[in-house]
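As structure tokens, the structure follows; a few thoughts come after it.
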Amino acid sequence: MNTINNVWVIDDNSVSNLICKALIKKEKFAENVSFETSAERAIDDLVQLARERPEALPEVIFLDLNLPLMNGWEFMREFLQLPQDIQQKVKVYILSSSLSSSDREKAEENEALSGFYTKPLSSHILQEISFAS
């Protein structure tokens, strides 16, 4: 499995975040795992990192759809407004409890998304992403 430097998990569910952290570390998927409970703050952090420390940008973001204030789809709209170099470096994967077929269809139509997975995160998901990188 290729090890990734930086992974972000954008999710307000602390249990889901603990599962993600444990599995990402166990599978040695990434050197660094960061968590953000606010999609809005995550967009701000991406912009700031791109300006100040572009090497610290995440290669992978796991994004929940059901977030307070700014949901996952709103995050993606904002993400598409970011400079191209950020969009090209960062691969965004939906990781959601949503079983909605409309969410899956919306994800397939969104060229900026690299994939759609249903919670919980699993070794299989990490392997799939690692081999696709």
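Chain labels run A, B, ... following the order of the structure tokens; each chain numbers its residues from 1, and ligands are numbered from 1 in the order shown.
The environment of Glu31 in chain A within 8 Å, counting only C-alpha atoms and disregarding residues fewer than 3 places along the same chain, consists of Thr3, Ile4, Asn5, Asn6, Lys25 and Lys28 of chain A.
Using only C-alpha atoms for every distance, the candidate list A:Ile43, A:Ala132, A:Val60, A:Ala22 yields A:Val60 as the residue closest to Val7 in chain A.
Across the model, the gap from CA of Tyr117 in chain A to CA of Ser102 in chain A is 13.9 Å.
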Excluding Glu55 in chain A and residues on its chain fewer than 4 positions from it, collect all residues at most 12 Å away from it, counting only C-alpha atoms, and give them as a PDB file with C-alpha atoms, in the first residue's frame.
ATOM      1  CA  ASN A   5       1.610  12.037   3.681  1.00  0.00           C
ATOM      2  CA  ASN A   6      -1.525  13.915   4.735  1.00  0.00           C
ATOM      3  CA  LEU A  46      -6.970  24.602   2.450  1.00  0.00           C
ATOM      4  CA  GLN A  48      -4.225  29.101   3.991  1.00  0.00           C
ATOM      5  CA  LEU A  49      -2.064  25.981   3.559  1.00  0.00           C
ATOM      6  CA  ALA A  50      -1.861  26.463  -0.202  1.00  0.00           C
ATOM      7  CA  ARG A  51      -0.524  29.949   0.432  1.00  0.00           C
ATOM      8  CA  GLU A  59      -3.494  14.307  -0.742  1.00  0.00           C
ATOM      9  CA  ASP A  85      -3.313  23.461  -8.242  1.00  0.00           C
ATOM     10  CA  ILE A  86      -5.209  22.692  -5.028  1.00  0.00           C
ATOM     11  CA  LYS A  89      -3.331  17.808  -5.603  1.00  0.00           C
ATOM     12  CA  VAL A  90      -6.262  16.941  -3.318  1.00  0.00           C
TER      13      VAL A  90
END
At a cut-off of 12 Å, using only C-alpha atoms, what residues contact Asn17 in chain A? Leave out same-chain residues fewer than 5 positions from it and give the result as a compact mmCIF listing (two decimals) with C-alpha atoms, in the first residue's frame.
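What follows is the written file result.txt:
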# COMPACT_ATOMS: atom_id res chain seq x y z
CA TRP A 8 -7.99 14.96 6.27
CA VAL A 9 -11.28 13.64 7.60
CA ILE A 10 -14.08 16.21 7.51
CA ASP A 11 -16.78 14.82 9.76
CA ASP A 12 -18.56 16.01 12.90
CA ALA A 22 -7.35 3.92 14.15
CA LEU A 23 -7.76 2.26 10.76
CA ILE A 24 -5.63 4.76 8.83
CA VAL A 33 -4.29 12.34 9.85
CA SER A 34 -6.12 15.58 10.61
CA PHE A 35 -9.76 16.05 11.55
CA GLU A 36 -12.08 18.92 10.90
CA THR A 37 -15.67 19.10 12.11
CA PHE A 62 -12.65 11.91 3.39
CA LEU A 63 -15.76 14.10 3.39
CA ASP A 64 -19.03 13.42 5.19
CA LEU A 95 -17.39 8.88 3.22
CA SER A 96 -20.96 9.07 4.40
CA LYS A 119 -19.33 4.43 6.36
CA PRO A 120 -17.59 2.93 8.15
CA LEU A 121 -14.14 3.28 6.63
message = Give me, as an MDAnalysis selection string, the residues of chain A that a backbone DSSP run labels strand (DSSP E).
response = chainID A and resid 4:10 30:36 60:63 91:96 113:118
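Remark: for Glu128 in chain A, the closest of the candidate residues A:Ser97, A:Ala42, A:Ser14, A:Phe29 is A:Phe29 (distances computed over only C-alpha atoms).
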Where does range 1-79 of chain A meet range 108-112 of chain A within 10 Å, residue by residue, with the nearest atom pair and distance in Å to one decimal for each, counting only C-alpha atoms, listed by chain and rising number, as a tab-separated table?
residue	atom	partner	partner_atom	distance
A:Trp73	CA	A:Asn110	CA	9.8
A:Met76	CA	A:Ala112	CA	7.8
A:Arg77	CA	A:Ala112	CA	9.6
A:Phe79	CA	A:Ala112	CA	8.4
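Between CA of Leu67 in chain A and CA of Ile94 in chain A lies a distance of 12.2 Å.
Take the candidates A:Gln88, A:Gln81, A:Glu40, A:Phe75 and check each one against Leu57 in chain A using only C-alpha atoms; the shortest distance goes to A:Gln88.
Compared by their closest atoms to Leu126 in chain A, and using only C-alpha atoms, the residues A:Leu65, A:Val15, A:Leu82, A:Ala30 rank with A:Ala30 nearest.
Here the DSSP assignment of alpha helix (DSSP H), based on backbone atoms, applies within range 34-89 of chain A to Ala39, Glu40, Arg41, Ala42, Ile43, Asp44, Asp45, Leu46, Val47, Gln48, Leu49, Ala50, Arg51, Glu52, Gly72, Trp73, Glu74, Phe75, Met76, Arg77, Glu78, Phe79, Gln84, Asp85, Ile86, Gln87, Gln88 and Lys89 of chain A.
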key: Pick from A:Ile61, A:Ala107, A:Leu99, A:Met70, whichever lies nearest to Cys20 in chain A using only C-alpha atoms   = A:Ile61
message = One decimal, in Å: what's the spacing between CA of Ser100 in chain A and CA of Asn71 in chain A?
response = 15.1 Å
